[in-house]
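The data block below is query.csv; it holds CSV, C-alpha atoms.
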```
chain,number,residue,atom,x,y,z
A,1,MET,CA,-57.8,-16.0,-151.3
A,2,ARG,CA,-59.7,-17.6,-154.3
A,3,LEU,CA,-60.5,-15.4,-157.3
A,4,ASP,CA,-63.6,-15.9,-159.5
A,5,VAL,CA,-61.9,-17.7,-162.4
A,6,ARG,CA,-64.7,-17.1,-164.8
A,7,ALA,CA,-64.8,-13.4,-164.1
A,8,THR,CA,-61.0,-13.2,-164.4
A,9,VAL,CA,-60.9,-15.1,-167.7
A,10,ALA,CA,-63.7,-12.9,-169.1
A,11,GLY,CA,-61.9,-9.8,-167.9
A,12,PHE,CA,-58.6,-10.8,-169.6
A,13,ALA,CA,-60.4,-11.8,-172.7
A,14,GLY,CA,-61.9,-8.3,-172.9
A,15,ALA,CA,-58.5,-6.7,-172.2
A,16,LEU,CA,-56.9,-8.8,-175.0
A,17,THR,CA,-59.6,-7.8,-177.4
A,18,VAL,CA,-59.0,-4.1,-176.6
A,19,LEU,CA,-55.2,-4.5,-177.0
A,20,ALA,CA,-55.7,-6.3,-180.3
A,21,LEU,CA,-57.9,-3.5,-181.5
A,22,LEU,CA,-55.3,-0.9,-180.5
A,23,ALA,CA,-52.6,-2.9,-182.2
A,24,TRP,CA,-54.7,-3.0,-185.4
A,25,LEU,CA,-55.4,0.7,-185.3
A,26,VAL,CA,-51.8,1.8,-184.8
A,27,GLY,CA,-50.5,-0.7,-187.3
A,28,LEU,CA,-48.9,-3.9,-186.1
A,29,GLU,CA,-46.0,-3.9,-188.5
A,30,GLU,CA,-45.1,-0.4,-187.6
A,31,LEU,CA,-45.4,-1.1,-183.9
A,32,PHE,CA,-43.0,-4.1,-184.2
A,33,ALA,CA,-40.6,-2.0,-186.3
A,34,VAL,CA,-40.4,0.7,-183.6
A,35,LEU,CA,-40.0,-1.9,-180.8
A,36,SER,CA,-37.2,-3.6,-182.7
A,37,MET,CA,-35.2,-0.4,-182.4
A,38,ALA,CA,-35.4,-0.3,-178.6
A,39,SER,CA,-32.0,-0.3,-176.9
A,40,ALA,CA,-31.1,-2.8,-174.2
A,41,SER,CA,-29.8,0.1,-171.9
A,42,GLY,CA,-33.1,2.0,-172.4
A,43,ILE,CA,-35.2,-1.1,-171.5
A,44,THR,CA,-33.0,-1.7,-168.4
A,45,ALA,CA,-33.6,1.9,-167.4
A,46,VAL,CA,-37.4,1.4,-167.7
A,47,PHE,CA,-37.4,-1.6,-165.4
A,48,ALA,CA,-35.0,0.1,-163.0
A,49,ALA,CA,-37.3,3.0,-162.7
A,50,ALA,CA,-40.2,0.6,-162.2
A,51,VAL,CA,-38.4,-1.1,-159.3
A,52,VAL,CA,-37.8,2.3,-157.7
A,53,TRP,CA,-41.6,3.0,-158.0
A,54,LEU,CA,-42.5,-0.4,-156.5
A,55,VAL,CA,-40.1,0.0,-153.5
A,56,ALA,CA,-41.2,3.6,-152.9
A,57,TRP,CA,-44.9,2.7,-152.7
A,58,ALA,CA,-44.2,-0.4,-150.7
A,59,LEU,CA,-42.3,1.7,-148.1
A,60,ALA,CA,-45.2,4.2,-148.1
A,61,LEU,CA,-47.6,1.3,-147.2
A,62,ALA,CA,-45.1,0.2,-144.5
A,63,THR,CA,-45.1,3.7,-143.1
A,64,VAL,CA,-48.9,3.6,-142.8
A,65,LEU,CA,-48.8,0.2,-141.2
A,66,SER,CA,-46.3,1.4,-138.7
A,67,ALA,CA,-48.6,4.3,-137.8
A,68,LEU,CA,-51.3,1.6,-137.1
A,69,GLY,CA,-49.0,-0.3,-134.8
A,70,ALA,CA,-48.3,-3.1,-137.3
A,71,PRO,CA,-44.7,-2.5,-138.5
A,72,ILE,CA,-43.2,-4.7,-141.2
A,73,SER,CA,-39.7,-4.9,-142.6
A,74,ALA,CA,-38.8,-3.2,-145.9
A,75,PRO,CA,-38.2,-6.5,-147.9
A,76,ARG,CA,-41.5,-7.9,-146.6
A,77,ALA,CA,-43.3,-4.6,-147.5
A,78,VAL,CA,-42.0,-4.9,-151.1
A,79,ALA,CA,-43.2,-8.5,-151.3
A,80,VAL,CA,-46.6,-7.7,-149.8
A,81,TYR,CA,-47.1,-4.6,-152.0
A,82,ALA,CA,-46.3,-6.7,-155.1
A,83,GLY,CA,-49.1,-9.0,-153.9
A,84,VAL,CA,-51.3,-6.0,-153.6
A,85,LEU,CA,-50.6,-4.9,-157.1
A,86,PHE,CA,-51.2,-8.5,-158.3
A,87,SER,CA,-54.7,-8.5,-156.8
A,88,ASN,CA,-55.4,-5.1,-158.3
A,89,ASN,CA,-54.2,-6.2,-161.7
A,90,VAL,CA,-56.2,-9.3,-162.1
A,91,THR,CA,-59.6,-8.1,-160.8
A,92,PRO,CA,-62.0,-5.7,-162.6
A,93,PHE,CA,-62.1,-2.0,-161.6
A,94,GLY,CA,-58.5,-2.0,-160.5
A,95,GLN,CA,-58.0,-0.9,-156.9
A,96,ALA,CA,-61.7,-0.9,-156.1
A,97,GLY,CA,-62.0,-4.6,-157.0
A,98,GLY,CA,-58.7,-5.8,-155.6
A,99,GLU,CA,-58.7,-4.1,-152.2
A,100,PRO,CA,-60.6,-6.8,-150.3
A,101,ILE,CA,-57.9,-9.3,-151.4
A,102,SER,CA,-55.1,-6.8,-150.8
A,103,ALA,CA,-56.3,-6.3,-147.2
A,104,LEU,CA,-56.2,-10.0,-146.6
A,105,LEU,CA,-52.7,-10.3,-147.9
A,106,ILE,CA,-51.6,-7.4,-145.7
A,107,SER,CA,-53.5,-8.7,-142.7
A,108,GLU,CA,-51.7,-12.0,-142.8
A,109,SER,CA,-48.3,-10.6,-143.6
A,110,ALA,CA,-48.4,-7.9,-141.0
A,111,ASP,CA,-50.2,-10.0,-138.4
A,112,THR,CA,-52.9,-7.4,-137.9
A,113,ALA,CA,-56.7,-7.3,-137.9
A,114,TYR,CA,-58.4,-7.3,-141.3
A,115,GLU,CA,-60.1,-3.9,-140.8
A,116,ASN,CA,-56.7,-2.4,-139.9
A,117,ALA,CA,-55.2,-3.8,-143.1
A,118,LEU,CA,-58.1,-2.5,-145.1
A,119,ALA,CA,-57.6,0.9,-143.6
A,120,ALA,CA,-53.9,0.8,-144.3
A,121,ILE,CA,-54.4,0.0,-148.0
A,122,ALA,CA,-57.2,2.6,-148.3
A,123,SER,CA,-55.0,5.2,-146.7
A,124,ALA,CA,-52.1,4.3,-148.9
A,125,ASP,CA,-54.3,4.7,-152.0
A,126,SER,CA,-55.6,8.0,-150.8
A,127,ILE,CA,-52.1,9.3,-150.1
A,128,ASN,CA,-51.0,8.2,-153.6
A,129,PHE,CA,-53.8,10.5,-155.0
A,130,VAL,CA,-52.2,13.7,-153.6
A,131,PRO,CA,-48.9,13.8,-155.5
A,132,SER,CA,-50.4,12.4,-158.7
A,133,THR,CA,-52.6,15.5,-159.1
A,134,ALA,CA,-49.8,17.8,-158.0
A,135,LEU,CA,-47.5,16.4,-160.7
A,136,ALA,CA,-50.2,16.5,-163.3
A,137,LEU,CA,-51.0,20.1,-162.5
A,138,ILE,CA,-47.4,21.0,-162.9
A,139,GLY,CA,-47.4,19.5,-166.4
A,140,VAL,CA,-50.7,21.0,-167.3
A,141,THR,CA,-49.6,24.4,-166.1
A,142,TYR,CA,-46.5,24.2,-168.3
A,143,TYR,CA,-48.5,23.3,-171.4
A,144,SER,CA,-51.1,26.0,-170.6
A,145,VAL,CA,-48.4,28.7,-170.4
A,146,ALA,CA,-46.4,27.4,-173.4
A,147,ALA,CA,-49.5,26.6,-175.4
A,148,ALA,CA,-47.6,23.7,-176.8
A,149,ALA,CA,-50.6,21.3,-177.3
A,150,GLY,CA,-53.4,23.8,-178.0
A,151,ASP,CA,-56.9,22.3,-178.0
A,152,GLU,CA,-55.6,18.8,-177.4
A,153,LEU,CA,-54.9,19.6,-173.8
A,154,ARG,CA,-58.5,20.3,-172.9
A,155,LEU,CA,-59.4,16.7,-172.0
A,156,ALA,CA,-56.3,16.2,-169.9
A,157,THR,CA,-56.8,19.5,-168.1
A,158,ALA,CA,-60.5,18.7,-167.4
A,159,ALA,CA,-59.5,15.3,-165.9
A,160,VAL,CA,-56.7,16.8,-163.8
A,161,VAL,CA,-59.0,19.6,-162.5
A,162,LEU,CA,-61.7,17.1,-161.7
A,163,LEU,CA,-59.2,15.0,-159.7
A,164,ALA,CA,-57.6,18.0,-158.0
A,165,VAL,CA,-60.9,19.7,-157.0
A,166,GLY,CA,-63.7,17.0,-157.0
A,167,MET,CA,-62.0,14.3,-155.1
A,168,PRO,CA,-60.8,16.4,-152.1
A,169,ILE,CA,-64.3,17.9,-151.8
A,170,ALA,CA,-65.7,14.4,-151.7
A,171,GLY,CA,-63.1,13.3,-149.2
A,172,VAL,CA,-63.8,16.2,-146.9
A,173,LEU,CA,-67.6,15.7,-147.0
A,174,ALA,CA,-67.1,12.0,-146.3
A,175,TRP,CA,-64.8,12.7,-143.4
A,176,ARG,CA,-67.1,15.3,-141.8
A,177,ASN,CA,-70.0,12.9,-142.0
A,178,ARG,CA,-68.0,9.8,-141.1
A,179,GLU,CA,-70.2,8.9,-138.2
A,180,ARG,CA,-73.3,8.7,-140.5
A,181,LEU,CA,-71.2,6.9,-143.1
A,182,GLU,CA,-69.9,4.4,-140.5
A,183,ALA,CA,-73.4,3.6,-139.3
A,184,GLY,CA,-74.7,3.3,-142.9
A,185,ILE,CA,-71.9,0.9,-143.8
A,186,GLY,CA,-72.7,-1.2,-140.8
A,187,ARG,CA,-76.3,-1.4,-141.7
A,188,THR,CA,-75.5,-2.3,-145.3
A,189,LEU,CA,-72.9,-5.0,-144.5
A,190,THR,CA,-74.9,-6.7,-141.8
A,191,PRO,CA,-77.5,-8.6,-144.0
A,192,ILE,CA,-74.8,-9.3,-146.6
A,193,ALA,CA,-72.4,-10.8,-144.1
A,194,LYS,CA,-75.2,-12.9,-142.5
A,195,THR,CA,-76.2,-14.3,-145.9
A,196,VAL,CA,-72.6,-15.2,-146.7
A,197,GLY,CA,-72.1,-16.7,-143.3
A,198,ARG,CA,-75.2,-19.0,-143.7
A,199,ARG,CA,-74.2,-20.2,-147.2
A,200,VAL,CA,-70.4,-20.6,-147.0
A,201,PRO,CA,-69.1,-23.7,-145.2
A,202,ARG,CA,-66.9,-23.2,-142.1
A,203,LEU,CA,-68.1,-19.6,-141.7
A,204,SER,CA,-70.1,-18.6,-138.7
A,205,VAL,CA,-73.0,-16.1,-139.0
A,206,PRO,CA,-71.7,-12.8,-137.6
A,207,THR,CA,-73.8,-10.6,-135.3
A,208,ARG,CA,-74.6,-7.0,-136.1
A,209,LYS,CA,-72.5,-6.0,-133.1
A,210,ALA,CA,-69.5,-7.8,-134.4
A,211,ILE,CA,-69.8,-6.3,-137.8
A,212,GLN,CA,-70.3,-2.8,-136.3
A,213,SER,CA,-67.2,-3.4,-134.2
A,214,ARG,CA,-65.2,-4.2,-137.3
A,215,VAL,CA,-66.5,-1.1,-139.1
A,216,ASP,CA,-65.6,1.1,-136.0
A,217,GLY,CA,-62.1,-0.4,-136.0
A,218,PHE,CA,-61.7,0.5,-139.7
A,219,PHE,CA,-62.6,4.1,-139.1
A,220,ARG,CA,-60.5,4.4,-136.0
A,221,SER,CA,-57.5,3.1,-138.0
A,222,LEU,CA,-58.2,5.8,-140.7
A,223,GLU,CA,-58.2,8.4,-137.9
A,224,ASP,CA,-54.9,7.1,-136.5
A,225,VAL,CA,-53.3,7.5,-139.9
A,226,ALA,CA,-54.8,11.0,-140.6
A,227,THR,CA,-53.6,12.4,-137.3
A,228,ASP,CA,-50.0,11.1,-137.5
A,229,ARG,CA,-48.5,14.0,-139.3
A,230,ARG,CA,-45.0,12.7,-139.4
A,231,SER,CA,-46.0,9.3,-140.9
A,232,LEU,CA,-48.4,11.1,-143.3
A,233,ALA,CA,-45.6,13.4,-144.6
A,234,THR,CA,-43.2,10.5,-145.0
A,235,ALA,CA,-45.8,8.5,-146.9
A,236,ILE,CA,-46.7,11.4,-149.2
A,237,GLY,CA,-42.9,11.9,-149.9
A,238,LEU,CA,-42.5,8.3,-150.8
A,239,SER,CA,-45.6,8.3,-152.9
A,240,THR,CA,-44.2,11.3,-154.8
A,241,VAL,CA,-41.0,9.5,-155.5
A,242,GLY,CA,-43.0,6.6,-156.8
A,243,TRP,CA,-45.0,8.8,-159.2
A,244,ILE,CA,-41.8,10.4,-160.5
A,245,ALA,CA,-40.3,7.0,-161.0
A,246,GLN,CA,-43.4,5.9,-163.0
A,247,ALA,CA,-43.1,9.0,-165.2
A,248,THR,CA,-39.4,8.4,-165.5
A,249,ALA,CA,-40.0,4.8,-166.7
A,250,LEU,CA,-42.3,6.2,-169.4
A,251,TRP,CA,-39.7,8.8,-170.4
A,252,CYS,CA,-37.0,6.1,-170.5
A,253,ALA,CA,-39.3,4.0,-172.7
A,254,PHE,CA,-39.4,6.7,-175.3
A,255,TYR,CA,-35.6,7.2,-175.0
A,256,ALA,CA,-35.1,3.5,-175.5
A,257,ILE,CA,-36.8,3.6,-178.9
A,258,GLY,CA,-34.8,6.7,-179.9
A,259,VAL,CA,-37.6,9.3,-179.5
A,260,PRO,CA,-37.0,11.5,-176.5
A,261,VAL,CA,-40.0,13.4,-175.3
A,262,SER,CA,-40.5,16.3,-172.9
A,263,PRO,CA,-40.8,15.5,-169.2
A,264,GLU,CA,-44.0,17.5,-168.8
A,265,ALA,CA,-45.7,15.2,-171.3
A,266,VAL,CA,-45.2,12.1,-169.2
A,267,LEU,CA,-46.0,14.0,-166.0
A,268,VAL,CA,-49.5,14.7,-167.4
A,269,ALA,CA,-50.0,11.4,-169.1
A,270,VAL,CA,-49.1,9.0,-166.3
A,271,PRO,CA,-51.5,10.1,-163.6
A,272,VAL,CA,-54.3,11.0,-166.0
A,273,GLY,CA,-53.9,7.6,-167.8
A,274,ALA,CA,-54.1,5.9,-164.4
A,275,ILE,CA,-57.7,6.9,-164.2
A,276,ALA,CA,-58.5,4.4,-166.9
A,277,SER,CA,-57.6,1.6,-164.5
A,278,VAL,CA,-61.0,2.0,-162.9
A,279,THR,CA,-62.7,0.0,-165.7
A,280,PRO,CA,-64.3,-3.5,-165.8
A,281,LEU,CA,-61.0,-4.7,-167.3
A,282,PRO,CA,-58.5,-6.4,-165.0
A,283,GLY,CA,-56.2,-3.7,-163.7
A,284,GLY,CA,-57.4,-1.4,-166.5
A,285,LEU,CA,-55.5,-3.5,-169.0
A,286,GLY,CA,-56.3,-2.2,-172.4
A,287,GLY,CA,-58.0,0.9,-171.1
A,288,VAL,CA,-54.9,2.4,-169.6
A,289,GLU,CA,-53.0,1.8,-172.9
A,290,ALA,CA,-55.7,3.4,-174.9
A,291,ALA,CA,-55.8,6.4,-172.6
A,292,LEU,CA,-52.0,6.8,-172.7
A,293,ILE,CA,-51.9,6.6,-176.5
A,294,GLY,CA,-54.7,9.2,-176.8
A,295,LEU,CA,-52.8,11.6,-174.4
A,296,LEU,CA,-49.2,11.1,-175.7
A,297,VAL,CA,-49.8,11.5,-179.4
A,298,PRO,CA,-50.8,15.2,-179.0
A,299,LEU,CA,-48.8,16.0,-175.9
A,300,ALA,CA,-45.5,14.5,-177.0
A,301,GLY,CA,-46.1,15.1,-180.7
A,302,VAL,CA,-45.4,11.5,-181.7
A,303,SER,CA,-47.1,8.9,-184.0
A,304,ALA,CA,-49.6,6.4,-182.6
A,305,ALA,CA,-47.2,3.6,-183.3
A,306,THR,CA,-44.3,5.3,-181.5
A,307,ALA,CA,-46.5,6.1,-178.5
A,308,ALA,CA,-47.8,2.5,-178.5
A,309,ALA,CA,-44.2,1.0,-178.6
A,310,ALA,CA,-43.1,3.1,-175.6
A,311,ILE,CA,-46.3,2.2,-173.7
A,312,VAL,CA,-45.6,-1.5,-174.4
A,313,LEU,CA,-42.2,-1.2,-172.6
A,314,HIS,CA,-43.7,1.0,-169.9
A,315,ARG,CA,-46.6,-1.3,-169.1
A,316,GLY,CA,-44.3,-4.3,-169.2
A,317,ALA,CA,-42.5,-2.9,-166.3
A,318,ILE,CA,-45.4,-1.2,-164.4
A,319,TYR,CA,-48.1,-3.8,-165.0
A,320,TRP,CA,-46.6,-7.2,-165.9
A,321,LEU,CA,-43.5,-7.2,-163.6
A,322,PRO,CA,-45.4,-6.7,-160.3
A,323,THR,CA,-48.2,-9.0,-161.5
A,324,PHE,CA,-45.8,-11.9,-162.0
A,325,ILE,CA,-43.9,-11.2,-158.7
A,326,GLY,CA,-47.1,-10.5,-156.8
A,327,GLY,CA,-48.7,-13.7,-158.2
A,328,GLY,CA,-45.9,-15.7,-156.6
A,329,VAL,CA,-46.3,-13.9,-153.3
A,330,ALA,CA,-50.1,-14.5,-153.3
A,331,ALA,CA,-49.6,-18.2,-154.2
A,332,ALA,CA,-47.1,-18.6,-151.4
A,333,LEU,CA,-49.4,-17.1,-148.8
A,334,ALA,CA,-52.3,-19.2,-150.1
A,335,ALA,CA,-50.2,-22.4,-149.9
A,336,ASP,CA,-49.2,-21.4,-146.4
A,337,ARG,CA,-52.8,-21.1,-145.3
```
As structure tokens - that is how I would like this structure written.
Amino acid sequence: MRLDVRATVAGFAGALTVLALLAWLVGLEELFAVLSMASASGITAVFAAAVVWLVAWALALATVLSALGAPISAPRAVAVYAGVLFSNNVTPFGQAGGEPISALLISESADTAYENALAAIASADSINFVPSTALALIGVTYYSVAAAAGDELRLATAAVVLLAVGMPIAGVLAWRNRERLEAGIGRTLTPIAKTVGRRVPRLSVPTRKAIQSRVDGFFRSLEDVATDRRSLATAIGLSTVGWIAQATALWCAFYAIGVPVSPEAVLVAVPVGAIASVTPLPGGLGGVEAALIGLLVPLAGVSAATAAAAIVLHRGAIYWLPTFIGGGVAAALAADR
């Protein structure tokens, strides 16, 4: 449950540097001037949409856990998923860096084996990928037909096409070769786990058979989720609701500062901007903001300061709200241990 404090501090220092640079580029005075015009009702709508997103994705995770024989209640699912978001938001490389901690939180909260919890969060993340590309393609298609953004749309289109085509191909290849992949992971993890077991107090050195058994359990859990069509459809539906709620939160952020934008602009920006979370910065902090500004200025036809002000409100609800809530959840579980 312990995080590397030095790495976390260094990550946030880098993120704050990026954010300060962005504020300087867009103009700090102009940014504050736009933010000062934000309406209370608009800000409330932003946070309400963020709560819908959090609940929808938490229920998607609960659906996956139920398919794995580890059901949890809706309130507990929301608390656990807030903890998952906290771990993703304070570790470098976003989900890739936070998943080991997330799996531990889920394992203890759902009273299931660690490999099942890891399979659950990996499945939930994979499920979230499907509607994100679909919604982005809808937005890109609209802009392509309407030619509203011209050449500025090329980067967003390339990113969406890469996600929509490249990732599924990689997933299919990995699934078809899962037995080789499973064996390779077992061989790779065995020496690492043995080294950690020798050097960390109170940990016993695991055998290769025990490690392979854990890896086998992880892949069996993935198969259980993939073959449960009803749960899969429910989880995808909830994930779609979450993505729409995220986009709605960004649209409401623009509405709050008195600059309404087209829905298709946020449908493209939100999933494409989320790619920037896979950076060495904690939860993509700074990188996501930069990507969203770069996308929204041409797509929505607004100034950099206006886009930055809306993103400040949006990220306050999408990044900072679950980080604070999830931090409390993680601290409570750590204290309980």
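Closest approach to A:Ala67 among A:Asp228, A:Gly316, A:Thr306, A:Ala247: A:Asp228, based on all atoms listed in the file.
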Give me, as a ChimeraX atom specification, all polymer residues having an atom no more than 7 Å from stretch 31-38 of chain A, counting all atoms listed in the file and skipping those fewer than 6 positions away in the same chain. /A:256-257,305-306,308-309
With C-alpha atoms kept, could you save the residues just selected as a JSON list (two decimals), keeping the file's coordinate frame?
```json
[["chain", "number", "residue", "atom", "x", "y", "z"],
["A", 256, "ALA", "CA", -35.10, 3.50, -175.50],
["A", 257, "ILE", "CA", -36.80, 3.60, -178.90],
["A", 305, "ALA", "CA", -47.20, 3.60, -183.30],
["A", 306, "THR", "CA", -44.30, 5.30, -181.50],
["A", 308, "ALA", "CA", -47.80, 2.50, -178.50],
["A", 309, "ALA", "CA", -44.20, 1.00, -178.60]]
```
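Between atom CA of A:Trp243 and atom CA of A:Trp53 there is a distance of 6.8 Å.
Residue nearest A:Pro263 within the list A:Ile293, A:Leu135, A:Ala304, A:Val46: A:Leu135 [criterion: smallest interatomic distance, all atoms listed in the file].
The two atoms in question, atom CA of A:Ala330 and atom CA of A:Leu104, are spaced 10.1 Å apart.
Distances from A:Ala113, A:Val9, A:Leu59, A:Ala49 to A:Trp251 were compared using only C-alpha atoms, and the smallest one belongs to A:Ala49.
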Can you pull out every residue within 6 Å of stretch 270-279 of chain A, counting all atoms listed in the file, but drop anything in the same chain fewer than 3 positions away, and send it as a PyMOL selection string? chain A and resi 93-94+132+266-267+283-284+287-288+291-292
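Here atom CA of A:Gly42 and atom CA of A:Thr323 stand 21.6 Å from one another.
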Pick the closest to A:Pro282 from A:Thr17, A:Thr240, A:Ser87, A:Ser102: which is it, counting all atoms listed in the file? A:Ser87
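Take the candidates A:Leu238, A:Ala48, A:Leu85, A:Val64 and check each one against A:Phe324 using all atoms listed in the file; the shortest distance goes to A:Leu85.
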Under the rule that all atoms listed in the file are counted, which of A:Gly11, A:Pro260, A:Gly328, A:Pro322 is the nearest residue to A:Thr91? A:Gly11
Which residues are near A:Tyr255? Cut-off 10 Å, all atoms listed in the file, ignore same chain within fewer than 6 positions. Put them as a PDB file with C-alpha atoms, keeping the file's coordinate frame.
```
ATOM      1  CA  ALA A  38     -35.400  -0.300-178.600  1.00  0.00           C
ATOM      2  CA  SER A  39     -32.000  -0.300-176.900  1.00  0.00           C
ATOM      3  CA  SER A  41     -29.800   0.100-171.900  1.00  0.00           C
ATOM      4  CA  GLY A  42     -33.100   2.000-172.400  1.00  0.00           C
ATOM      5  CA  ILE A  43     -35.200  -1.100-171.500  1.00  0.00           C
ATOM      6  CA  ALA A  45     -33.600   1.900-167.400  1.00  0.00           C
ATOM      7  CA  VAL A  46     -37.400   1.400-167.700  1.00  0.00           C
ATOM      8  CA  ALA A 249     -40.000   4.800-166.700  1.00  0.00           C
ATOM      9  CA  VAL A 261     -40.000  13.400-175.300  1.00  0.00           C
ATOM     10  CA  ALA A 310     -43.100   3.100-175.600  1.00  0.00           C
TER      11      ALA A 310
END
```
